[in-house]
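K.L.:
Pasting data.cif below, which is mmCIF, C-alpha atoms.
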```cif
data_data
#
loop_
_atom_site.group_PDB
_atom_site.id
_atom_site.type_symbol
_atom_site.label_atom_id
_atom_site.label_comp_id
_atom_site.auth_asym_id
_atom_site.auth_seq_id
_atom_site.Cartn_x
_atom_site.Cartn_y
_atom_site.Cartn_z
ATOM 1 C CA MET A 1 18.137 -7.633 -11.775
ATOM 2 C CA ARG A 2 15.332 -9.854 -10.481
ATOM 3 C CA ASP A 3 14.330 -12.310 -13.211
ATOM 4 C CA THR A 4 10.555 -12.209 -12.868
ATOM 5 C CA ALA A 5 10.136 -14.438 -15.903
ATOM 6 C CA ALA A 6 12.096 -17.164 -14.124
ATOM 7 C CA GLU A 7 9.177 -17.636 -11.718
ATOM 8 C CA SER A 8 7.858 -20.125 -14.295
ATOM 9 C CA PRO A 9 8.102 -20.000 -18.109
ATOM 10 C CA GLN A 10 4.528 -21.291 -18.518
ATOM 11 C CA LYS A 11 2.959 -19.647 -15.492
ATOM 12 C CA PRO A 12 1.686 -16.041 -15.657
ATOM 13 C CA PRO A 13 2.751 -13.610 -12.948
ATOM 14 C CA VAL A 14 0.754 -13.556 -9.743
ATOM 15 C CA THR A 15 -2.144 -11.114 -9.609
ATOM 16 C CA CYS A 16 -2.662 -8.760 -6.676
ATOM 17 C CA TRP A 17 -5.657 -6.517 -6.132
ATOM 18 C CA PHE A 18 -5.273 -3.313 -4.147
ATOM 19 C CA ALA A 19 -8.592 -1.788 -3.094
ATOM 20 C CA GLY A 20 -8.599 1.614 -1.472
ATOM 21 C CA LEU A 21 -7.325 5.152 -1.610
ATOM 22 C CA THR A 22 -5.684 7.110 -4.410
ATOM 23 C CA THR A 23 -4.472 10.661 -3.849
ATOM 24 C CA LEU A 24 -2.251 13.085 -5.682
ATOM 25 C CA ASP A 25 0.749 13.877 -3.489
ATOM 26 C CA VAL A 26 2.541 17.217 -3.755
ATOM 27 C CA ILE A 27 5.805 16.649 -1.910
ATOM 28 C CA HIS A 28 8.230 19.330 -0.773
ATOM 29 C CA ARG A 29 11.579 18.644 0.837
ATOM 30 C CA SER A 30 13.066 21.190 3.244
ATOM 31 C CA ALA A 31 15.621 21.357 6.038
ATOM 32 C CA VAL A 32 13.330 23.630 8.075
ATOM 33 C CA ARG A 33 9.637 23.690 8.928
ATOM 34 C CA PRO A 34 7.620 26.856 8.381
ATOM 35 C CA GLY A 35 6.320 28.690 11.403
ATOM 36 C CA PRO A 36 2.989 30.547 11.595
ATOM 37 C CA ASN A 37 2.487 32.859 8.624
ATOM 38 C CA GLU A 38 5.957 31.961 7.290
ATOM 39 C CA LYS A 39 7.105 30.903 3.823
ATOM 40 C CA ILE A 40 10.120 28.725 3.102
ATOM 41 C CA THR A 41 11.809 27.561 -0.083
ATOM 42 C CA ALA A 42 11.905 23.828 -0.731
ATOM 43 C CA VAL A 43 15.076 22.122 -1.902
ATOM 44 C CA ARG A 44 13.082 19.601 -3.953
ATOM 45 C CA GLN A 45 9.533 19.066 -5.228
ATOM 46 C CA ASP A 46 7.848 15.879 -6.483
ATOM 47 C CA VAL A 47 4.313 15.181 -7.638
ATOM 48 C CA SER A 48 3.039 11.605 -7.759
ATOM 49 C CA ALA A 49 0.061 9.418 -7.042
ATOM 50 C CA GLY A 50 -0.243 8.458 -3.397
ATOM 51 C CA GLY A 51 -2.468 6.601 -0.984
ATOM 52 C CA PRO A 52 -1.804 3.247 0.704
ATOM 53 C CA ALA A 53 -3.470 1.036 -1.913
ATOM 54 C CA ALA A 54 -2.095 2.990 -4.875
ATOM 55 C CA ASN A 55 1.491 3.043 -3.608
ATOM 56 C CA ALA A 56 1.391 -0.648 -2.700
ATOM 57 C CA ALA A 57 0.183 -1.407 -6.232
ATOM 58 C CA VAL A 58 3.167 0.464 -7.704
ATOM 59 C CA ILE A 59 5.538 -1.687 -5.636
ATOM 60 C CA ALA A 60 3.798 -4.894 -6.660
ATOM 61 C CA ALA A 61 4.055 -3.977 -10.340
ATOM 62 C CA THR A 62 7.730 -3.090 -9.860
ATOM 63 C CA LEU A 63 8.348 -6.529 -8.344
ATOM 64 C CA GLY A 64 6.833 -8.268 -11.373
ATOM 65 C CA ALA A 65 3.285 -8.959 -10.232
ATOM 66 C CA ARG A 66 0.161 -8.040 -12.139
ATOM 67 C CA ALA A 67 -1.036 -5.182 -9.938
ATOM 68 C CA LEU A 68 -4.642 -4.050 -10.234
ATOM 69 C CA LEU A 69 -5.822 -1.000 -8.303
ATOM 70 C CA ILE A 70 -9.527 -0.692 -7.480
ATOM 71 C CA SER A 71 -10.025 2.924 -6.501
ATOM 72 C CA ALA A 72 -11.827 6.178 -7.249
ATOM 73 C CA MET A 73 -10.054 8.639 -9.560
ATOM 74 C CA GLY A 74 -12.495 10.043 -12.063
ATOM 75 C CA THR A 75 -11.870 12.121 -15.160
ATOM 76 C CA GLY A 76 -10.869 15.426 -13.545
ATOM 77 C CA PRO A 77 -7.371 16.920 -13.799
ATOM 78 C CA VAL A 78 -6.239 15.690 -10.381
ATOM 79 C CA GLY A 79 -7.438 12.144 -10.974
ATOM 80 C CA SER A 80 -5.942 12.156 -14.470
ATOM 81 C CA ALA A 81 -2.548 13.181 -13.080
ATOM 82 C CA ALA A 82 -2.644 10.369 -10.513
ATOM 83 C CA ARG A 83 -3.741 7.881 -13.170
ATOM 84 C CA GLY A 84 -0.894 8.878 -15.474
ATOM 85 C CA ASP A 85 1.719 8.233 -12.791
ATOM 86 C CA LEU A 86 0.227 4.866 -11.831
ATOM 87 C CA GLU A 87 -0.095 3.610 -15.396
ATOM 88 C CA HIS A 88 3.442 4.769 -16.152
ATOM 89 C CA HIS A 89 4.623 2.412 -13.409
ATOM 90 C CA GLY A 90 2.690 -0.593 -14.660
ATOM 91 C CA VAL A 91 -0.446 -0.460 -12.501
ATOM 92 C CA GLU A 92 -3.758 -1.524 -14.053
ATOM 93 C CA ILE A 93 -6.722 0.537 -12.820
ATOM 94 C CA HIS A 94 -10.386 -0.135 -12.259
ATOM 95 C CA ASP A 95 -11.833 3.304 -11.580
ATOM 96 C CA THR A 96 -14.973 3.075 -9.459
ATOM 97 C CA ALA A 97 -15.927 6.646 -10.408
ATOM 98 C CA GLY A 98 -17.424 5.234 -13.596
ATOM 99 C CA GLY A 99 -16.313 7.966 -15.976
ATOM 100 C CA ARG A 100 -17.441 10.831 -13.753
ATOM 101 C CA GLU A 101 -15.358 13.803 -12.674
ATOM 102 C CA ILE A 102 -15.007 13.561 -8.912
ATOM 103 C CA PRO A 103 -12.878 15.359 -6.327
ATOM 104 C CA ILE A 104 -9.963 13.284 -5.086
ATOM 105 C CA ALA A 105 -7.573 14.225 -2.336
ATOM 106 C CA VAL A 106 -4.482 16.313 -2.918
ATOM 107 C CA SER A 107 -2.047 15.546 -0.094
ATOM 108 C CA ALA A 108 0.424 18.178 1.083
ATOM 109 C CA VAL A 109 3.607 16.405 2.139
ATOM 110 C CA LEU A 110 6.673 17.896 3.822
ATOM 111 C CA VAL A 111 9.789 15.741 4.061
ATOM 112 C CA ASP A 112 12.569 16.779 6.434
ATOM 113 C CA ASP A 113 15.769 16.991 4.383
ATOM 114 C CA VAL A 114 17.881 16.118 7.435
ATOM 115 C CA THR A 115 16.021 13.191 9.007
ATOM 116 C CA GLY A 116 13.856 11.948 6.131
ATOM 117 C CA ASP A 117 10.735 12.091 8.331
ATOM 118 C CA ARG A 118 7.518 13.140 6.621
ATOM 119 C CA SER A 119 4.436 15.113 7.639
ATOM 120 C CA VAL A 120 1.192 14.746 5.668
ATOM 121 C CA VAL A 121 -1.984 16.813 5.520
ATOM 122 C CA SER A 122 -4.725 15.218 3.436
ATOM 123 C CA PRO A 123 -8.509 14.854 3.280
ATOM 124 C CA ASP A 124 -7.895 11.161 2.465
ATOM 125 C CA ALA A 125 -11.127 9.566 1.210
ATOM 126 C CA THR A 126 -13.531 12.078 2.752
ATOM 127 C CA LEU A 127 -14.090 13.845 -0.578
ATOM 128 C CA THR A 128 -15.229 10.670 -2.362
ATOM 129 C CA ASN A 129 -16.885 8.503 0.301
ATOM 130 C CA GLY A 130 -19.793 6.325 -0.795
ATOM 131 C CA LEU A 131 -18.253 5.016 -4.019
ATOM 132 C CA ASP A 132 -18.749 1.277 -4.397
ATOM 133 C CA VAL A 133 -18.141 -1.521 -6.872
ATOM 134 C CA THR A 134 -20.467 -4.248 -8.160
ATOM 135 C CA CYS A 135 -19.928 -7.969 -8.591
ATOM 136 C CA VAL A 136 -20.394 -7.515 -12.342
ATOM 137 C CA GLU A 137 -17.469 -5.083 -12.421
ATOM 138 C CA LEU A 138 -15.267 -7.357 -10.320
ATOM 139 C CA ASP A 139 -16.153 -10.385 -12.469
ATOM 140 C CA ALA A 140 -14.539 -8.612 -15.423
ATOM 141 C CA LEU A 141 -11.187 -8.294 -13.633
ATOM 142 C CA PRO A 142 -8.393 -10.883 -13.554
ATOM 143 C CA ARG A 143 -8.779 -13.273 -10.622
ATOM 144 C CA PRO A 144 -6.525 -12.297 -7.708
ATOM 145 C CA ASP A 145 -4.064 -14.389 -5.726
ATOM 146 C CA VAL A 146 -3.968 -11.751 -2.964
ATOM 147 C CA VAL A 147 -6.310 -8.861 -2.154
ATOM 148 C CA LEU A 148 -5.145 -5.902 -0.070
ATOM 149 C CA LEU A 149 -7.707 -3.595 1.565
ATOM 150 C CA ASP A 150 -6.679 -0.286 3.135
ATOM 151 C CA GLY A 151 -10.127 0.592 4.538
ATOM 152 C CA HIS A 152 -10.217 4.142 3.201
ATOM 153 C CA HIS A 153 -13.383 3.594 1.152
ATOM 154 C CA PRO A 154 -15.522 1.521 3.554
ATOM 155 C CA ASP A 155 -18.244 0.501 1.079
ATOM 156 C CA LEU A 156 -15.633 -0.462 -1.479
ATOM 157 C CA ALA A 157 -13.661 -2.493 1.084
ATOM 158 C CA ARG A 158 -16.739 -4.430 2.219
ATOM 159 C CA SER A 159 -17.821 -5.194 -1.350
ATOM 160 C CA VAL A 160 -14.385 -6.340 -2.495
ATOM 161 C CA LEU A 161 -13.987 -8.476 0.630
ATOM 162 C CA ALA A 162 -17.387 -10.161 0.152
ATOM 163 C CA TYR A 163 -16.565 -10.876 -3.490
ATOM 164 C CA ALA A 164 -13.107 -12.256 -2.701
ATOM 165 C CA LEU A 165 -14.436 -14.536 0.033
ATOM 166 C CA ALA A 166 -16.845 -16.130 -2.462
ATOM 167 C CA LEU A 167 -14.133 -16.921 -5.019
ATOM 168 C CA GLU A 168 -12.859 -20.457 -5.494
ATOM 169 C CA PRO A 169 -9.974 -20.780 -4.905
ATOM 170 C CA ARG A 170 -10.154 -17.972 -2.372
ATOM 171 C CA PRO A 171 -7.380 -15.364 -2.517
ATOM 172 C CA LEU A 172 -5.461 -14.350 0.587
ATOM 173 C CA ILE A 173 -6.862 -11.240 2.247
ATOM 174 C CA VAL A 174 -4.356 -8.688 3.576
ATOM 175 C CA LEU A 175 -5.328 -5.600 5.557
ATOM 176 C CA ASP A 176 -3.249 -2.440 5.649
ATOM 177 C CA ALA A 177 -4.048 -1.522 9.261
ATOM 178 C CA GLY A 178 -1.880 1.487 9.904
ATOM 179 C CA ARG A 179 -4.478 3.192 12.077
ATOM 180 C CA TRP A 180 -7.857 2.103 13.354
ATOM 181 C CA ARG A 181 -10.849 2.771 11.124
ATOM 182 C CA PRO A 182 -14.380 1.676 12.066
ATOM 183 C CA VAL A 183 -14.646 -0.420 8.891
ATOM 184 C CA PHE A 184 -11.918 -2.716 10.229
ATOM 185 C CA ALA A 185 -14.494 -4.155 12.625
ATOM 186 C CA ASP A 186 -16.100 -5.695 9.501
ATOM 187 C CA LEU A 187 -12.820 -6.749 7.876
ATOM 188 C CA LEU A 188 -10.432 -8.099 10.496
ATOM 189 C CA GLY A 189 -12.238 -11.351 11.217
ATOM 190 C CA SER A 190 -11.987 -12.390 7.544
ATOM 191 C CA ALA A 191 -8.402 -11.295 6.997
ATOM 192 C CA ASP A 192 -5.615 -13.803 6.524
ATOM 193 C CA VAL A 193 -2.990 -11.214 7.472
ATOM 194 C CA ALA A 194 -3.379 -7.881 9.239
ATOM 195 C CA ALA A 195 -0.303 -5.740 8.594
ATOM 196 C CA ARG A 196 -0.409 -3.297 11.494
ATOM 197 C CA SER A 197 1.661 -0.439 12.791
ATOM 198 C CA ALA A 198 2.682 -0.492 16.441
ATOM 199 C CA ASP A 199 0.154 2.290 17.072
ATOM 200 C CA PHE A 200 -2.817 0.272 15.776
ATOM 201 C CA ARG A 201 -5.424 -0.365 18.462
ATOM 202 C CA ALA A 202 -8.665 -2.280 17.905
ATOM 203 C CA PRO A 203 -11.580 -2.367 20.349
ATOM 204 C CA ASP A 204 -11.505 -5.405 22.632
ATOM 205 C CA ASP A 205 -14.560 -7.007 21.028
ATOM 206 C CA THR A 206 -13.134 -6.895 17.481
ATOM 207 C CA ALA A 207 -12.571 -10.252 15.788
ATOM 208 C CA ALA A 208 -8.914 -11.030 15.141
ATOM 209 C CA SER A 209 -7.232 -11.791 11.825
ATOM 210 C CA ARG A 210 -5.685 -15.219 11.225
ATOM 211 C CA ALA A 211 -2.152 -13.812 11.184
ATOM 212 C CA VAL A 212 -0.601 -10.528 12.279
ATOM 213 C CA VAL A 213 2.457 -8.558 11.207
ATOM 214 C CA THR A 214 3.389 -5.501 13.262
ATOM 215 C CA THR A 215 5.961 -2.921 12.240
ATOM 216 C CA HIS A 216 7.848 -0.870 14.844
ATOM 217 C CA GLY A 217 9.758 1.674 12.791
ATOM 218 C CA SER A 218 13.440 0.764 12.812
ATOM 219 C CA ALA A 219 12.904 -1.930 15.486
ATOM 220 C CA PRO A 220 12.315 -5.586 14.508
ATOM 221 C CA VAL A 221 9.038 -6.519 12.843
ATOM 222 C CA THR A 222 6.996 -8.926 14.964
ATOM 223 C CA TRP A 223 4.664 -11.526 13.460
ATOM 224 C CA GLN A 224 2.387 -14.412 14.305
ATOM 225 C CA ASP A 225 1.189 -16.820 11.629
ATOM 226 C CA LYS A 226 -2.116 -18.678 11.333
ATOM 227 C CA ASP A 227 -0.670 -21.694 13.174
ATOM 228 C CA GLY A 228 0.314 -19.597 16.197
ATOM 229 C CA ARG A 229 4.021 -19.578 15.377
ATOM 230 C CA ASN A 230 5.525 -16.181 16.179
ATOM 231 C CA GLY A 231 8.799 -14.339 16.004
ATOM 232 C CA SER A 232 10.542 -11.082 15.181
ATOM 233 C CA THR A 233 12.571 -10.188 12.131
ATOM 234 C CA TYR A 234 15.535 -7.820 12.176
ATOM 235 C CA VAL A 235 15.338 -4.498 10.315
ATOM 236 C CA PRO A 236 18.735 -3.475 8.875
ATOM 237 C CA ASN A 237 20.350 -0.256 10.023
ATOM 238 C CA VAL A 238 20.420 1.967 6.927
ATOM 239 C CA GLN A 239 20.789 5.664 6.234
ATOM 240 C CA VAL A 240 17.245 7.010 6.237
ATOM 241 C CA ARG A 241 16.695 9.733 3.665
ATOM 242 C CA ASP A 242 12.942 9.590 2.978
ATOM 243 C CA THR A 243 10.249 7.691 4.912
ATOM 244 C CA LEU A 244 7.281 8.704 2.734
ATOM 245 C CA GLY A 245 5.500 5.550 1.551
ATOM 246 C CA ALA A 246 7.797 3.158 3.432
ATOM 247 C CA GLY A 247 4.819 1.347 4.943
ATOM 248 C CA ASP A 248 3.159 1.105 1.533
ATOM 249 C CA ALA A 249 6.375 -0.390 0.126
ATOM 250 C CA PHE A 250 6.321 -2.955 2.931
ATOM 251 C CA HIS A 251 2.695 -3.892 2.207
ATOM 252 C CA GLY A 252 3.132 -4.146 -1.555
ATOM 253 C CA ALA A 253 6.146 -6.406 -1.210
ATOM 254 C CA LEU A 254 4.413 -8.494 1.470
ATOM 255 C CA CYS A 255 1.467 -9.101 -0.865
ATOM 256 C CA VAL A 256 3.656 -10.183 -3.772
ATOM 257 C CA ALA A 257 5.670 -12.577 -1.605
ATOM 258 C CA LEU A 258 2.507 -14.134 -0.158
ATOM 259 C CA ALA A 259 0.978 -14.427 -3.632
ATOM 260 C CA ARG A 260 4.074 -16.328 -4.763
ATOM 261 C CA GLY A 261 3.580 -18.840 -1.960
ATOM 262 C CA ALA A 262 6.031 -17.593 0.677
ATOM 263 C CA GLY A 263 5.357 -18.337 4.310
ATOM 264 C CA LEU A 264 4.702 -15.406 6.583
ATOM 265 C CA GLU A 265 8.247 -15.169 7.953
ATOM 266 C CA SER A 266 9.782 -15.212 4.462
ATOM 267 C CA ALA A 267 7.222 -12.698 3.212
ATOM 268 C CA VAL A 268 8.095 -10.371 6.097
ATOM 269 C CA GLN A 269 11.788 -10.664 5.230
ATOM 270 C CA GLU A 270 11.074 -9.652 1.633
ATOM 271 C CA ALA A 271 8.872 -6.755 2.756
ATOM 272 C CA ILE A 272 11.637 -5.488 5.044
ATOM 273 C CA ARG A 273 14.149 -5.729 2.203
ATOM 274 C CA VAL A 274 12.003 -3.571 -0.052
ATOM 275 C CA ALA A 275 11.018 -1.019 2.617
ATOM 276 C CA SER A 276 14.663 -0.666 3.649
ATOM 277 C CA ILE A 277 15.592 0.181 0.070
ATOM 278 C CA ARG A 278 12.787 2.716 -0.122
ATOM 279 C CA VAL A 279 13.916 4.805 2.870
ATOM 280 C CA GLN A 280 17.466 5.133 1.496
ATOM 281 C CA HIS A 281 16.367 7.101 -1.596
ATOM 282 C CA VAL A 282 14.944 10.597 -1.957
ATOM 283 C CA GLY A 283 11.668 10.955 -3.842
ATOM 284 C CA PRO A 284 8.547 8.820 -4.280
ATOM 285 C CA ARG A 285 9.620 6.887 -7.384
ATOM 286 C CA SER A 286 13.405 7.251 -7.772
ATOM 287 C CA TRP A 287 14.041 4.117 -5.697
ATOM 288 C CA LEU A 288 11.928 1.672 -7.705
ATOM 289 C CA GLU A 289 14.748 0.529 -9.964
ATOM 290 C CA TYR A 290 16.677 -0.622 -6.875
ATOM 291 C CA ALA A 291 13.706 -2.499 -5.410
ATOM 292 C CA ALA A 292 13.545 -4.827 -8.399
ATOM 293 C CA CYS A 293 17.187 -5.859 -7.971
ATOM 294 C CA ALA A 294 18.250 -8.738 -5.725
#
```
I need this file expressed as structure tokens, please.
P.N.:
Amino acid sequence: MRDTAAESPQKPPVTCWFAGLTTLDVIHRSAVRPGPNEKITAVRQDVSAGGPAANAAVIAATLGARALLISAMGTGPVGSAARGDLEHHGVEIHDTAGGREIPIAVSAVLVDDVTGDRSVVSPDATLTNGLDVTCVELDALPRPDVVLLDGHHPDLARSVLAYALALEPRPLIVLDAGRWRPVFADLLGSADVAARSADFRAPDDTAASRAVVTTHGSAPVTWQDKDGRNGSTYVPNVQVRDTLGAGDAFHGALCVALARGAGLESAVQEAIRVASIRVQHVGPRSWLEYAACA
């Protein structure tokens, strides 16, 4: 088991902020996909909180960091269910809904029981756009070592970024850039690390981040650090049973490693280790006990 206390007896754990989307994921696992007007019986069902920022926060908490999620959940039944799952796994929450009942996304997820591939249908943040956070609210939170932005709530992302850039010492800024969102035009130029998928494409006139990490599925992860050093890091060949949230696992682990002072190459290696564990286990949370072991 990873000895998180051994990081330093006198030093508190690193603090990571995750600003962005929370959903409630309803996940069904099946060996077949339904056709038009067809019903099928799932072989497994799970319900958990989802969303890039929320899932990354769960991983960070699992790895021993203080993980604080800045997101919109509200007091309704869907938000309460998501909150319960997150708090159960050690995530602290700053809810930007401010005690209101708001609609949050329920994501319908189908995982192929044979290949582990997932399909997702979700309204993402479209139900709760426009929610923001103030400097007064952020001042009350523990100071972060790393801040991850997923871009799903544009106003929230801009406000958290502006606040983080004014802090002294300034935390590292990490972007979860799985797919292009217009708000990234305002975020990329200030980011220390953009963690991108191979499909990510930014307009030519978009400012670049200081460092880039690009995932390519089962192919090696490529990276370039702030000093221009670049390379690729091998991804182990494992039995893939469930890919849901694998990218979020990668990002959460990357943030924790960077917060603990790892260089980019070492942080990528740790992120690959954790994401590789995730895809070998069925279900959104069953694998967490294995991620904390090394």
K.L.:
List the residues matched by the PyMOL selection byres ((chain A and resi 193) around 6) in the displayed structure as a list of chain:residue names, ordered by chain and then by residue number.
P.N.:
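Applying the expression gives A:Val174, A:Ala191, A:Asp192, A:Ala194, A:Ala211, A:Val212.
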K.L.:
Run the PyMOL selection byres ((chain A and resi 87) around 12) on the file and write out the hits as a list of chain:residue names.
P.N.:
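Selected by the PyMOL selection byres ((chain A and resi 87) around 12) in this file: A:Ser48, A:Ala49, A:Ala54, A:Asn55, A:Ala57, A:Val58, A:Ala61, A:Thr62, A:Ala67, A:Leu68, A:Leu69, A:Ser80, A:Ala81, A:Ala82, A:Arg83, A:Gly84, A:Asp85, A:Leu86, A:His88, A:His89, A:Gly90, A:Val91, A:Glu92, A:Ile93, A:His94.
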K.L.:
Write out as a ChimeraX atom specification which residues come within 12 Å of segment 164-167 of chain A when counting all atoms listed in the file, dropping same-chain ones fewer than 6 positions away.
P.N.:
/A:16-19,135,138-139,141-149,157-158,173-174,187,189-192
K.L.:
Once the PyMOL selection byres ((chain A and resi 156) around 9) is applied to the coordinates I shared, what remains selected? I want it as a PyMOL selection string.
P.N.:
chain A and resi 19-20+70-71+96+130-133+151-155+157-161
K.L.:
Can you measure atom CA of Leu127 of chain A to atom CA of Ala97 of chain A for me? One decimal in Å is fine.
P.N.:
12.3 Å
K.L.:
Give the answer as one residue: which of A:Ala249, A:Val32, A:Thr15, A:Gln269 has the shortest atom-to-atom distance to Ala291 of chain A, using only C-alpha atoms?
P.N.:
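Distance minimum relative to Ala291 of chain A lands on A:Ala249.
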K.L.:
Which residues come within 12 Å of segment 105-108 of chain A, counting all atoms listed in the file, excluding same-chain residues fewer than 4 positions away, as a ChimeraX atom specification?
P.N.:
/A:21-29,45-51,72-74,76-79,81-82,118-129,152,244
K.L.:
Compile the contact shell of segment 256-260 of chain A as an MDAnalysis selection string: residues with an atom at most 9 Å away, counting all atoms listed in the file, same-chain residues fewer than 5 positions apart removed.
P.N.:
chainID A and resid 7 13:16 59:60 63:65 144:146 171:172 251 266:268 270:271
K.L.:
What does the distance between atom CA of Asp227 of chain A and atom CA of Ala202 of chain A come to in Å, to one decimal place?
P.N.:
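These atoms are spaced 21.5 Å apart.
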K.L.:
Some atoms are absent from segment 115-133 of chain A, so rebuild N, CA, C and O atoms and return them as a PDB file, in the frame of the given file.
P.N.:
```pdb
ATOM      1  N   THR A 115      16.364  14.481   8.399  1.00  0.00           N
ATOM      2  CA  THR A 115      16.021  13.191   9.007  1.00  0.00           C
ATOM      3  C   THR A 115      15.281  12.242   8.071  1.00  0.00           C
ATOM      4  O   THR A 115      15.219  11.035   8.325  1.00  0.00           O
ATOM      5  N   GLY A 116      14.669  12.769   7.014  1.00  0.00           N
ATOM      6  CA  GLY A 116      13.856  11.948   6.131  1.00  0.00           C
ATOM      7  C   GLY A 116      12.438  11.734   6.622  1.00  0.00           C
ATOM      8  O   GLY A 116      11.628  11.104   5.934  1.00  0.00           O
ATOM      9  N   ASP A 117      12.096  12.240   7.801  1.00  0.00           N
ATOM     10  CA  ASP A 117      10.735  12.091   8.331  1.00  0.00           C
ATOM     11  C   ASP A 117       9.762  12.920   7.506  1.00  0.00           C
ATOM     12  O   ASP A 117      10.098  13.978   6.982  1.00  0.00           O
ATOM     13  N   ARG A 118       8.504  12.437   7.424  1.00  0.00           N
ATOM     14  CA  ARG A 118       7.518  13.140   6.621  1.00  0.00           C
ATOM     15  C   ARG A 118       6.328  13.549   7.461  1.00  0.00           C
ATOM     16  O   ARG A 118       5.967  12.897   8.438  1.00  0.00           O
ATOM     17  N   SER A 119       5.699  14.653   7.073  1.00  0.00           N
ATOM     18  CA  SER A 119       4.436  15.113   7.639  1.00  0.00           C
ATOM     19  C   SER A 119       3.440  15.229   6.495  1.00  0.00           C
ATOM     20  O   SER A 119       3.792  15.685   5.407  1.00  0.00           O
ATOM     21  N   VAL A 120       2.196  14.799   6.733  1.00  0.00           N
ATOM     22  CA  VAL A 120       1.192  14.746   5.668  1.00  0.00           C
ATOM     23  C   VAL A 120      -0.098  15.411   6.139  1.00  0.00           C
ATOM     24  O   VAL A 120      -0.576  15.130   7.244  1.00  0.00           O
ATOM     25  N   VAL A 121      -0.648  16.272   5.310  1.00  0.00           N
ATOM     26  CA  VAL A 121      -1.984  16.813   5.520  1.00  0.00           C
ATOM     27  C   VAL A 121      -2.821  16.426   4.308  1.00  0.00           C
ATOM     28  O   VAL A 121      -2.452  16.737   3.173  1.00  0.00           O
ATOM     29  N   SER A 122      -3.931  15.718   4.551  1.00  0.00           N
ATOM     30  CA  SER A 122      -4.725  15.218   3.436  1.00  0.00           C
ATOM     31  C   SER A 122      -6.163  15.005   3.869  1.00  0.00           C
ATOM     32  O   SER A 122      -6.420  14.593   5.008  1.00  0.00           O
ATOM     33  N   PRO A 123      -7.123  15.230   2.969  1.00  0.00           N
ATOM     34  CA  PRO A 123      -8.509  14.854   3.280  1.00  0.00           C
ATOM     35  C   PRO A 123      -8.761  13.371   3.108  1.00  0.00           C
ATOM     36  O   PRO A 123      -9.879  12.904   3.359  1.00  0.00           O
ATOM     37  N   ASP A 124      -7.765  12.605   2.673  1.00  0.00           N
ATOM     38  CA  ASP A 124      -7.895  11.161   2.465  1.00  0.00           C
ATOM     39  C   ASP A 124      -9.115  10.861   1.595  1.00  0.00           C
ATOM     40  O   ASP A 124      -9.290  11.472   0.555  1.00  0.00           O
ATOM     41  N   ALA A 125      -9.989   9.971   2.040  1.00  0.00           N
ATOM     42  CA  ALA A 125     -11.127   9.566   1.210  1.00  0.00           C
ATOM     43  C   ALA A 125     -12.389  10.362   1.494  1.00  0.00           C
ATOM     44  O   ALA A 125     -13.447  10.049   0.940  1.00  0.00           O
ATOM     45  N   THR A 126     -12.306  11.384   2.339  1.00  0.00           N
ATOM     46  CA  THR A 126     -13.531  12.078   2.752  1.00  0.00           C
ATOM     47  C   THR A 126     -14.215  12.809   1.604  1.00  0.00           C
ATOM     48  O   THR A 126     -15.416  13.082   1.669  1.00  0.00           O
ATOM     49  N   LEU A 127     -13.484  13.131   0.550  1.00  0.00           N
ATOM     50  CA  LEU A 127     -14.090  13.845  -0.578  1.00  0.00           C
ATOM     51  C   LEU A 127     -14.890  12.917  -1.487  1.00  0.00           C
ATOM     52  O   LEU A 127     -15.731  13.367  -2.263  1.00  0.00           O
ATOM     53  N   THR A 128     -14.619  11.616  -1.413  1.00  0.00           N
ATOM     54  CA  THR A 128     -15.229  10.670  -2.362  1.00  0.00           C
ATOM     55  C   THR A 128     -15.867   9.480  -1.665  1.00  0.00           C
ATOM     56  O   THR A 128     -16.005   8.414  -2.244  1.00  0.00           O
ATOM     57  N   ASN A 129     -16.246   9.608  -0.403  1.00  0.00           N
ATOM     58  CA  ASN A 129     -16.885   8.503   0.301  1.00  0.00           C
ATOM     59  C   ASN A 129     -18.182   8.093  -0.387  1.00  0.00           C
ATOM     60  O   ASN A 129     -18.856   8.910  -1.013  1.00  0.00           O
ATOM     61  N   GLY A 130     -18.543   6.823  -0.242  1.00  0.00           N
ATOM     62  CA  GLY A 130     -19.793   6.325  -0.795  1.00  0.00           C
ATOM     63  C   GLY A 130     -19.638   5.637  -2.134  1.00  0.00           C
ATOM     64  O   GLY A 130     -20.581   5.028  -2.626  1.00  0.00           O
ATOM     65  N   LEU A 131     -18.463   5.705  -2.751  1.00  0.00           N
ATOM     66  CA  LEU A 131     -18.253   5.016  -4.019  1.00  0.00           C
ATOM     67  C   LEU A 131     -18.089   3.521  -3.764  1.00  0.00           C
ATOM     68  O   LEU A 131     -17.415   3.100  -2.826  1.00  0.00           O
ATOM     69  N   ASP A 132     -18.724   2.714  -4.606  1.00  0.00           N
ATOM     70  CA  ASP A 132     -18.749   1.277  -4.397  1.00  0.00           C
ATOM     71  C   ASP A 132     -18.415   0.585  -5.713  1.00  0.00           C
ATOM     72  O   ASP A 132     -18.178   1.226  -6.733  1.00  0.00           O
ATOM     73  N   VAL A 133     -18.423  -0.733  -5.686  1.00  0.00           N
ATOM     74  CA  VAL A 133     -18.141  -1.521  -6.872  1.00  0.00           C
ATOM     75  C   VAL A 133     -19.092  -2.705  -6.878  1.00  0.00           C
ATOM     76  O   VAL A 133     -19.472  -3.209  -5.817  1.00  0.00           O
TER      77      VAL A 133
END
```
